[in-house]
$ cat query.cif   # mmCIF, C-alpha atoms
data_model
#
loop_
_atom_site.label_atom_id
_atom_site.label_comp_id
_atom_site.auth_asym_id
_atom_site.auth_seq_id
_atom_site.Cartn_x
_atom_site.Cartn_y
_atom_site.Cartn_z
CA MET A 1428 9.08 -20.94 14.19
CA LYS A 1429 8.28 -21.66 10.55
CA LEU A 1430 5.80 -19.35 8.89
CA TYR A 1431 4.52 -19.79 5.33
CA TYR A 1432 3.04 -16.65 3.78
CA ILE A 1433 0.73 -17.49 0.84
CA ALA A 1434 0.28 -14.63 -1.63
CA ASN A 1435 -1.50 -14.99 -4.95
CA ALA A 1436 0.48 -12.08 -6.39
CA ARG A 1437 2.95 -11.59 -9.20
CA ILE A 1438 6.24 -10.87 -7.42
CA PRO A 1439 7.74 -8.46 -8.14
CA THR A 1440 4.79 -6.29 -9.11
CA GLU A 1441 4.39 -2.54 -9.53
CA LYS A 1442 1.29 -2.72 -7.33
CA ALA A 1443 1.41 -1.70 -3.66
CA HIS A 1444 0.45 -5.09 -2.23
CA GLY A 1445 3.82 -6.45 -3.42
CA ILE A 1446 5.68 -3.94 -1.26
CA GLN A 1447 3.53 -4.75 1.76
CA ILE A 1448 3.97 -8.51 1.39
CA MET A 1449 7.74 -8.34 0.90
CA LYS A 1450 8.24 -5.84 3.74
CA MET A 1451 6.22 -8.00 6.12
CA CYS A 1452 8.18 -11.13 5.21
CA GLU A 1453 11.41 -9.22 5.80
CA ALA A 1454 10.16 -7.90 9.15
CA PHE A 1455 8.94 -11.35 10.29
CA ALA A 1456 12.34 -12.82 9.36
CA ASP A 1457 14.14 -10.04 11.24
CA ARG A 1458 12.35 -11.27 14.36
CA GLY A 1459 13.88 -14.75 13.99
CA VAL A 1460 11.01 -16.40 12.10
CA GLU A 1461 11.87 -18.85 9.31
CA VAL A 1462 9.72 -17.34 6.55
CA THR A 1463 8.82 -18.83 3.18
CA LEU A 1464 6.75 -16.74 0.78
CA LEU A 1465 4.63 -18.84 -1.60
CA VAL A 1466 3.73 -17.02 -4.84
CA PRO A 1467 2.46 -18.20 -8.25
CA ARG A 1468 4.88 -18.96 -11.06
CA ARG A 1469 3.54 -16.47 -13.62
CA PHE A 1470 4.96 -14.53 -16.54
CA ASN A 1471 6.50 -11.31 -15.29
CA HIS A 1472 7.66 -8.40 -17.43
CA ILE A 1473 9.70 -7.17 -14.43
CA LYS A 1474 12.98 -9.05 -14.59
CA LEU A 1475 14.70 -7.61 -11.51
CA ASP A 1476 15.35 -9.83 -8.50
CA PRO A 1477 12.45 -9.29 -6.02
CA PHE A 1478 14.77 -8.45 -3.12
CA GLU A 1479 16.53 -5.81 -5.22
CA TYR A 1480 13.29 -4.47 -6.68
CA TYR A 1481 11.78 -3.84 -3.24
CA SER A 1482 15.04 -2.97 -1.47
CA VAL A 1483 14.51 -5.65 1.18
CA LYS A 1484 16.97 -8.02 2.81
CA ASN A 1485 17.36 -11.49 1.36
CA ASN A 1486 16.49 -13.04 4.72
CA PHE A 1487 13.55 -15.24 3.68
CA LYS A 1488 12.77 -17.74 0.95
CA ILE A 1489 10.49 -17.27 -2.04
CA LYS A 1490 8.90 -20.44 -3.41
CA TYR A 1491 7.23 -20.19 -6.82
CA ILE A 1492 4.20 -22.49 -6.96
CA PHE A 1493 2.85 -24.03 -10.15
CA THR A 1494 -0.25 -22.49 -11.69
CA VAL A 1495 -1.63 -21.76 -15.14
CA ASP A 1496 -1.19 -18.07 -15.95
CA THR A 1497 -4.71 -17.22 -17.13
CA VAL A 1498 -5.09 -13.93 -15.24
CA LYS A 1499 -5.17 -11.82 -18.41
CA LEU A 1500 -8.25 -13.71 -19.63
CA GLY A 1501 -10.52 -11.78 -17.28
CA ASN A 1502 -12.50 -12.81 -14.21
CA LEU A 1503 -12.82 -16.47 -15.21
CA GLY A 1504 -9.10 -16.61 -15.98
CA PHE A 1505 -8.23 -15.12 -12.60
CA LEU A 1506 -10.59 -17.55 -10.86
CA ALA A 1507 -8.98 -20.53 -12.61
CA GLU A 1508 -5.49 -19.31 -11.71
CA SER A 1509 -6.57 -18.69 -8.11
CA PHE A 1510 -7.99 -22.21 -7.71
CA LEU A 1511 -4.86 -23.85 -9.11
CA PHE A 1512 -2.43 -21.71 -7.14
CA SER A 1513 -4.43 -22.09 -3.92
CA GLY A 1514 -4.69 -25.86 -4.34
CA PHE A 1515 -0.99 -26.38 -5.03
CA SER A 1516 0.00 -23.96 -2.23
CA VAL A 1517 -2.09 -25.93 0.24
CA LEU A 1518 -0.54 -29.21 -0.94
CA TYR A 1519 2.93 -27.70 -0.49
CA CYS A 1520 2.04 -26.58 3.05
CA LEU A 1521 0.78 -30.07 3.88
CA THR A 1522 4.09 -31.62 2.80
CA LYS A 1523 6.20 -29.09 4.74
CA ASN A 1524 3.98 -28.72 7.83
CA PRO A 1525 4.89 -25.14 8.93
CA ASP A 1526 3.96 -23.93 12.41
CA ASN A 1527 1.84 -21.09 11.04
CA ILE A 1528 0.29 -20.23 7.69
CA TYR A 1529 -0.47 -16.59 6.95
CA SER A 1530 -2.27 -14.98 4.02
CA ARG A 1531 -4.19 -11.99 2.71
CA ASP A 1532 -6.00 -14.33 0.29
CA GLU A 1533 -9.18 -16.10 1.35
CA LEU A 1534 -9.20 -19.02 -1.11
CA PRO A 1535 -6.12 -20.96 0.10
CA LEU A 1536 -7.27 -20.42 3.68
CA TYR A 1537 -10.72 -21.68 2.74
CA PHE A 1538 -9.14 -24.93 1.50
CA LEU A 1539 -7.01 -25.16 4.65
CA SER A 1540 -10.11 -24.76 6.83
CA PHE A 1541 -11.19 -28.31 5.85
CA LEU A 1542 -7.79 -29.79 6.75
CA GLY A 1543 -7.35 -28.78 10.37
CA LYS A 1544 -4.29 -26.59 9.74
CA ARG A 1545 -3.53 -23.50 11.83
CA PHE A 1546 -3.77 -20.36 9.72
CA HIS A 1547 -4.15 -16.60 10.12
CA TRP A 1548 -5.95 -14.17 7.83
CA GLU A 1549 -4.92 -10.58 7.18
CA SER A 1550 -8.03 -8.85 5.83
CA HIS A 1551 -7.71 -5.69 3.75
CA THR A 1552 -11.32 -5.17 2.65
CA PHE A 1553 -14.73 -6.37 3.74
CA LYS A 1554 -16.15 -9.35 1.88
CA ASN A 1555 -19.31 -11.23 2.84
CA SER A 1556 -18.95 -14.29 0.61
CA PHE A 1557 -19.35 -17.85 1.87
CA VAL A 1558 -15.58 -18.26 1.41
CA SER A 1559 -14.81 -15.25 3.60
CA ARG A 1560 -17.34 -16.29 6.24
CA ARG A 1561 -15.74 -19.71 6.59
CA VAL A 1562 -12.22 -18.24 6.72
CA LEU A 1563 -13.42 -15.81 9.39
CA LYS A 1564 -14.85 -18.71 11.41
CA TYR A 1565 -11.81 -21.01 11.22
CA SER A 1566 -8.90 -18.55 11.32
CA ALA A 1567 -6.83 -18.94 14.46
CA LYS A 1568 -6.26 -15.17 14.44
CA ILE A 1569 -7.42 -12.32 12.21
CA ILE A 1570 -5.57 -9.10 11.42
CA THR A 1571 -7.35 -6.11 9.91
CA ILE A 1572 -5.75 -2.90 8.65
CA THR A 1573 -8.47 -0.57 10.02
CA LYS A 1574 -10.78 -0.35 13.00
CA ASN A 1575 -13.75 0.02 10.65
CA LEU A 1576 -12.94 -3.36 9.14
CA LYS A 1577 -12.69 -5.00 12.55
CA GLU A 1578 -16.15 -3.69 13.42
CA LYS A 1579 -17.59 -5.52 10.41
CA TYR A 1580 -16.44 -8.89 11.77
CA ASN A 1581 -18.11 -10.38 14.83
CA ASN A 1582 -14.97 -12.09 16.10
CA LYS A 1583 -12.87 -11.45 19.21
CA ASN A 1584 -9.60 -12.76 17.80
CA ILE A 1585 -8.89 -9.64 15.76
CA LEU A 1586 -5.87 -7.35 15.86
CA VAL A 1587 -6.07 -3.97 14.14
CA SER A 1588 -2.71 -3.35 12.52
CA PRO A 1589 -2.49 -0.51 9.96
CA ASP A 1590 0.12 -0.53 7.25
CA ALA A 1591 3.57 0.84 7.97
CA VAL A 1592 6.81 2.34 6.69
CA ASP A 1593 10.57 1.90 6.81
CA LEU A 1594 11.64 5.19 8.40
CA ASP A 1595 15.31 4.93 7.47
CA PHE A 1596 14.41 4.21 3.85
CA PHE A 1597 12.15 7.27 3.50
CA ASP A 1598 13.79 9.85 5.75
CA ILE A 1599 16.74 10.39 3.41
CA HIS A 1600 19.22 13.25 3.77
CA MET A 1601 18.51 15.13 0.56
CA SER A 1602 17.43 18.71 0.08
CA LYS A 1603 14.46 19.68 -2.06
CA GLU A 1604 16.76 21.23 -4.66
CA GLU A 1605 19.04 18.17 -4.80
CA ALA A 1606 16.04 15.90 -5.29
CA LYS A 1607 14.59 18.13 -8.02
CA ASN A 1608 17.92 18.19 -9.82
CA GLU A 1609 18.38 14.44 -9.70
CA LEU A 1610 14.81 13.77 -10.84
CA ARG A 1611 14.89 16.55 -13.47
CA LEU A 1612 11.90 18.32 -12.03
CA PRO A 1613 11.54 22.08 -12.69
CA LEU A 1614 13.51 24.12 -10.17
CA ASN A 1615 11.37 27.22 -10.70
CA LYS A 1616 8.11 25.47 -9.79
CA ARG A 1617 6.55 24.53 -6.47
CA ILE A 1618 5.82 20.79 -6.54
CA VAL A 1619 2.54 19.19 -5.49
CA LEU A 1620 3.06 15.43 -5.48
CA TYR A 1621 0.91 12.32 -5.58
CA THR A 1622 2.36 8.80 -5.51
CA GLY A 1623 0.59 5.52 -6.14
CA HIS A 1624 -2.07 4.06 -8.35
CA LEU A 1625 -4.63 5.88 -10.42
CA TYR A 1626 -7.73 3.84 -9.59
CA PRO A 1627 -10.85 6.04 -9.27
CA TRP A 1628 -11.21 5.44 -5.52
CA LYS A 1629 -7.65 6.67 -4.96
CA GLY A 1630 -8.83 10.13 -6.03
CA ALA A 1631 -5.94 11.06 -8.33
CA HIS A 1632 -8.50 12.46 -10.80
CA VAL A 1633 -9.64 14.91 -8.10
CA LEU A 1634 -6.10 16.28 -7.89
CA MET A 1635 -5.96 16.48 -11.67
CA ASP A 1636 -9.15 18.54 -11.67
CA ALA A 1637 -7.77 20.72 -8.85
CA SER A 1638 -4.69 21.50 -10.95
CA LYS A 1639 -6.88 23.66 -13.22
CA TYR A 1640 -7.34 26.18 -10.38
CA LEU A 1641 -3.71 26.43 -9.23
CA SER A 1642 -1.23 29.26 -9.74
CA LYS A 1643 1.06 29.04 -12.75
CA ASP A 1644 4.16 28.48 -10.61
CA ILE A 1645 2.75 25.22 -9.20
CA MET A 1646 3.46 21.89 -10.91
CA VAL A 1647 1.43 18.78 -10.04
CA VAL A 1648 3.42 15.55 -10.32
CA PHE A 1649 1.85 12.07 -10.44
CA VAL A 1650 4.19 9.16 -9.75
CA GLY A 1651 2.93 5.61 -10.30
CA GLY A 1652 0.16 3.68 -11.99
CA THR A 1653 -0.13 0.70 -14.32
CA ILE A 1654 0.56 1.09 -18.05
CA GLU A 1655 -3.17 0.86 -18.84
CA ASP A 1656 -4.19 3.42 -16.20
CA ILE A 1657 -1.40 5.83 -17.14
CA THR A 1658 -2.52 5.88 -20.79
CA GLY A 1659 -6.08 6.84 -19.84
CA PHE A 1660 -4.87 9.37 -17.27
CA LYS A 1661 -2.56 11.06 -19.79
CA ASN A 1662 -5.42 11.36 -22.26
CA LYS A 1663 -7.54 13.16 -19.68
CA ALA A 1664 -4.65 15.48 -18.78
CA ASP A 1665 -3.73 16.18 -22.40
CA LYS A 1666 -4.37 19.94 -22.40
CA LEU A 1667 -3.15 20.65 -18.88
CA GLN A 1668 0.23 22.39 -18.89
CA ASN A 1669 0.98 22.15 -15.17
CA ILE A 1670 0.97 18.36 -14.83
CA ILE A 1671 3.79 15.81 -15.03
CA ILE A 1672 2.89 12.12 -15.18
CA THR A 1673 6.05 10.10 -14.61
CA GLY A 1674 4.52 6.63 -14.73
CA HIS A 1675 5.75 3.81 -12.55
CA LYS A 1676 9.08 4.33 -10.78
CA LEU A 1677 11.27 1.93 -8.85
CA TYR A 1678 10.46 1.80 -5.16
CA LYS A 1679 13.96 2.98 -4.27
CA ASP A 1680 13.28 6.28 -6.08
CA ILE A 1681 10.05 7.17 -4.26
CA PRO A 1682 11.79 8.78 -1.24
CA LYS A 1683 13.54 11.18 -3.64
CA TYR A 1684 10.25 12.21 -5.22
CA LEU A 1685 8.77 12.88 -1.78
CA LYS A 1686 11.76 15.02 -0.85
CA ALA A 1687 11.36 17.02 -4.08
CA ALA A 1688 7.81 17.99 -3.12
CA ASP A 1689 6.52 21.12 -1.41
CA VAL A 1690 3.27 19.41 -0.48
CA LEU A 1691 1.98 15.83 -0.69
CA VAL A 1692 -1.63 14.97 -1.50
CA LEU A 1693 -3.71 11.95 -0.46
CA PRO A 1694 -7.01 12.70 -2.25
CA ASN A 1695 -8.94 9.47 -1.61
CA SER A 1696 -12.50 9.54 -2.91
CA GLY A 1697 -15.38 9.12 -0.48
CA GLU A 1698 -17.56 7.47 -3.11
CA GLU A 1699 -16.48 3.88 -2.43
CA ASP A 1700 -16.44 1.94 0.86
CA ILE A 1701 -12.94 0.60 0.33
CA SER A 1702 -11.68 4.19 0.41
CA LYS A 1703 -14.12 5.54 2.98
CA LYS A 1704 -13.82 2.76 5.55
CA TYR A 1705 -11.23 0.10 4.88
CA THR A 1706 -8.04 1.42 3.30
CA SER A 1707 -4.74 1.99 5.10
CA PRO A 1708 -2.62 3.51 2.31
CA MET A 1709 1.09 2.85 2.53
CA LYS A 1710 1.68 6.22 0.89
CA LEU A 1711 0.11 7.83 3.97
CA PHE A 1712 2.92 6.52 6.19
CA GLU A 1713 5.56 7.24 3.55
CA TYR A 1714 4.31 10.82 3.32
CA MET A 1715 4.47 11.18 7.10
CA ALA A 1716 8.08 9.96 7.12
CA SER A 1717 9.19 12.38 4.40
CA GLY A 1718 9.03 15.62 6.36
CA ARG A 1719 6.68 17.30 3.88
CA PRO A 1720 3.19 18.69 4.63
CA ILE A 1721 0.24 16.43 3.80
CA ILE A 1722 -3.19 17.36 2.48
CA ALA A 1723 -5.60 14.43 2.76
CA SER A 1724 -9.27 13.57 2.43
CA GLY A 1725 -10.82 13.59 5.90
CA LEU A 1726 -12.38 10.15 5.51
CA LYS A 1727 -13.02 7.81 8.43
CA SER A 1728 -10.30 5.40 7.26
CA ILE A 1729 -7.71 8.17 6.92
CA ARG A 1730 -8.59 9.72 10.28
CA GLU A 1731 -7.51 6.51 12.03
CA VAL A 1732 -3.95 7.80 11.54
CA LEU A 1733 -4.09 11.42 10.41
CA ASN A 1734 -5.56 14.35 12.33
CA GLN A 1735 -5.49 18.15 12.26
CA SER A 1736 -2.21 18.18 14.23
CA ASN A 1737 -0.20 16.17 11.71
CA SER A 1738 -1.90 17.01 8.39
CA TYR A 1739 -4.45 19.18 6.62
CA LEU A 1740 -7.72 17.23 6.35
CA ILE A 1741 -10.40 18.38 3.94
CA GLU A 1742 -13.64 17.23 2.35
CA SER A 1743 -13.09 14.56 -0.29
CA ASP A 1744 -14.05 14.82 -3.99
CA ASN A 1745 -13.89 18.62 -4.01
CA PRO A 1746 -11.32 19.89 -6.55
CA THR A 1747 -11.81 23.60 -5.86
CA LEU A 1748 -11.41 23.10 -2.09
CA LEU A 1749 -8.33 20.97 -2.70
CA ALA A 1750 -6.82 23.67 -4.93
CA SER A 1751 -7.46 26.45 -2.40
CA THR A 1752 -6.02 24.29 0.40
CA ILE A 1753 -2.88 23.61 -1.65
CA GLU A 1754 -2.43 27.37 -2.16
CA LYS A 1755 -2.92 28.03 1.57
CA VAL A 1756 -0.51 25.30 2.69
CA LEU A 1757 2.16 26.49 0.25
CA SER A 1758 1.96 29.95 1.82
CA LYS A 1759 2.22 28.66 5.42
CA GLU A 1760 5.02 27.70 7.76
CA THR A 1761 4.50 23.93 8.08
CA ALA A 1762 7.45 22.80 10.23
CA LYS A 1763 5.32 22.12 13.32
CA ILE A 1764 2.79 19.95 11.50
CA THR A 1765 5.43 17.98 9.56
CA MET A 1766 7.41 17.34 12.75
CA GLN A 1767 4.25 16.05 14.42
CA ALA A 1768 3.58 13.75 11.47
CA TYR A 1769 7.11 12.35 11.73
CA GLU A 1770 6.76 11.78 15.48
CA ASP A 1771 3.40 10.07 14.99
CA VAL A 1772 4.62 7.75 12.23
CA LYS A 1773 7.27 6.28 14.51
CA ARG A 1774 4.50 4.05 15.87
CA TYR A 1775 3.93 2.59 12.40
CA THR A 1776 7.08 0.78 11.32
CA TRP A 1777 7.25 -2.64 9.66
CA THR A 1778 9.30 -3.89 12.60
CA LYS A 1779 6.69 -2.84 15.17
CA ARG A 1780 3.90 -4.22 12.99
CA ALA A 1781 5.63 -7.60 12.70
CA GLU A 1782 6.31 -7.71 16.45
CA SER A 1783 2.68 -7.03 17.36
CA ILE A 1784 1.36 -9.58 14.83
CA LEU A 1785 3.80 -12.28 15.94
CA THR A 1786 2.89 -11.72 19.59
CA PHE A 1787 -0.78 -11.92 18.63
CA ILE A 1788 -0.64 -15.11 16.55
CA THR A 1789 1.61 -17.03 18.94
CA HIS A 1790 -0.47 -16.47 22.09
#
$ encode --input "query.cif" --output "structure tokens"
Amino acid sequence: MKLYYIANARIPTEKAHGIQIMKMCEAFADRGVEVTLLVPRRFNHIKLDPFEYYSVKNNFKIKYIFTVDTVKLGNLGFLAESFLFSGFSVLYCLTKNPDNIYSRDELPLYFLSFLGKRFHWESHTFKNSFVSRRVLKYSAKIITITKNLKEKYNNKNILVSPDAVDLDFFDIHMSKEEAKNELRLPLNKRIVLYTGHLYPWKGAHVLMDASKYLSKDIMVVFVGGTIEDITGFKNKADKLQNIIITGHKLYKDIPKYLKAADVLVLPNSGEEDISKKYTSPMKLFEYMASGRPIIASGLKSIREVLNQSNSYLIESDNPTLLASTIEKVLSKETAKITMQAYEDVKRYTWTKRAESILTFITH
């Protein structure tokens, strides 16, 4: 079977969607599918080969599609780039005639809906535009990453498939001390770790605020973020002595940072619907695979995977509660809860996700 995955994304990118797209293409290809990933030909400051950057097998093709790189010009620039990329991607699909076309992006699928081509939409957030409504109507199959998102769509052809993790990649054999040494993190501090982007709805600022109430022997480490977001975040944390902001790190180094931690925090804010209802954070599954205790916001979206048996769930947007919970977890024996998290995450691998999606879209 030939499957073309259309992704209007700069590949490689430091953003999480790049990991998800590449991992899914790898997993589809591992199941015997002939996969071609269609991405825009844009300027990229990351010069590493995409397969090396994401530590994935070179078992699928990447086709760079012509577009005009106007993304940096704001919303109108992004819209112009999206129209061009979507149009040329659709033309390419028409010339190659794959068995299935798959995308997280509505616009190319919207164009395909007028051409009688079989396509599948993976929806990551709720949109009620005329484009999304038509894609919803004409998609052969729809995949959502949360149950809450499925409930928003009145369509029976929907599979709920949360994000996933590569267990072997994240469950590395490295002690906490070895990881700290290699990453040059303070050996005399207990490490509270957050990985990922610094967007407001991710809640990293809540953890920053919580750091003000923590004991002096606790260091809070933030790994990730775009250059622009890191600059603003560092300015806000300027006078805080117990924070390390590493900036973006290569994906291959993230398992080491997780192993260096004493506790991992997923502080999603409950102030936006994308966080409250629709997100399925990849870091959640990576945390579960790391063997470290997790403190997370007890939001509806997060509770689709986490519970009180495999994590410590608390009220969101509450820095003092987060700080006191961190102190409590650091003083507890957490082996039982981390073992349960690891057992539970075995259901959420990229391989299993690809298998369930392929079964769904081919029947």
$ residues_around --input "query.cif" --residues "region 1511-1523 of chain A" --least-positions-apart "6" --cutoff "9 Å" --atoms "all atoms listed in the file" --output "list in words"
Tyr1431, Ile1433, Asn1435, Leu1465, Val1466, Pro1467, Arg1468, Ile1492, Phe1493, Thr1494, Val1495, Asp1532, Leu1534, Pro1535, Leu1536, Phe1538, Leu1539 and Lys1544 of chain A
$ resolve_selection --input "query.cif" --expression "the PyMOL selection byres ((chain A and resi 1488) around 10)" --output "list in words"
Tyr1431, Cys1452, Glu1453, Ala1456, Glu1461, Val1462, Thr1463, Leu1464, Leu1465, Asn1485, Asn1486, Phe1487, Ile1489, Lys1490 and Tyr1491 of chain A
$ atom_distance --input "query.cif" --atom1 "CA of Gly1501 (chain A)" --atom2 "CA of Phe1470 (chain A)"
15.7 Å
$ closest_residue --input "query.cif" --among "A:Lys1629, A:His1624, A:Arg1531, A:Lys1663" --to "His1675 (chain A)" --atoms "all atoms listed in the file"
A:His1624
$ resolve_selection --input "query.cif" --expression "the PyMOL selection byres ((chain A and resi 1696) around 12)" --output "VMD selection string"
chain A and resid 1625 to 1634 1693 to 1695 1697 to 1704 1706 1723 to 1729 1741 to 1746
$ closest_residue --input "query.cif" --among "A:Leu1576, A:Leu1711, A:Ala1688, A:Val1650" --to "Ile1671 (chain A)" --atoms "only C-alpha atoms"
A:Val1650
$ residues_near_point --input "query.cif" --point "(9.1, 10.1, 8.3)" --cutoff "7 Å" --atoms "all atoms listed in the file" --output "MDAnalysis selection string"
chainID A and resid 1594 1597:1598 1713:1718 1769 1772
$ residues_around --input "query.cif" --residues "region 1559-1574 of chain A" --least-positions-apart "4" --cutoff "7 Å" --atoms "all atoms listed in the file" --output "list of chain:residue names"
A:Glu1533, A:Leu1536, A:Tyr1537, A:Ser1540, A:Arg1545, A:Phe1546, A:His1547, A:Trp1548, A:Glu1549, A:Ser1550, A:His1551, A:Lys1554, A:Asn1555, A:Glu1578, A:Asn1584, A:Ile1585, A:Leu1586, A:Val1587, A:Ser1588, A:Pro1589, A:Asp1590, A:Tyr1705, A:Ser1707, A:Ser1728, A:Ile1788
$ residues_around --input "query.cif" --residues "Val1692 (chain A)" --least-positions-apart "3" --cutoff "8 Å" --atoms "all atoms listed in the file" --output "list in words"
Val1619, Leu1620, Tyr1621, Leu1634, Ile1721, Ile1722 and Ala1723 of chain A
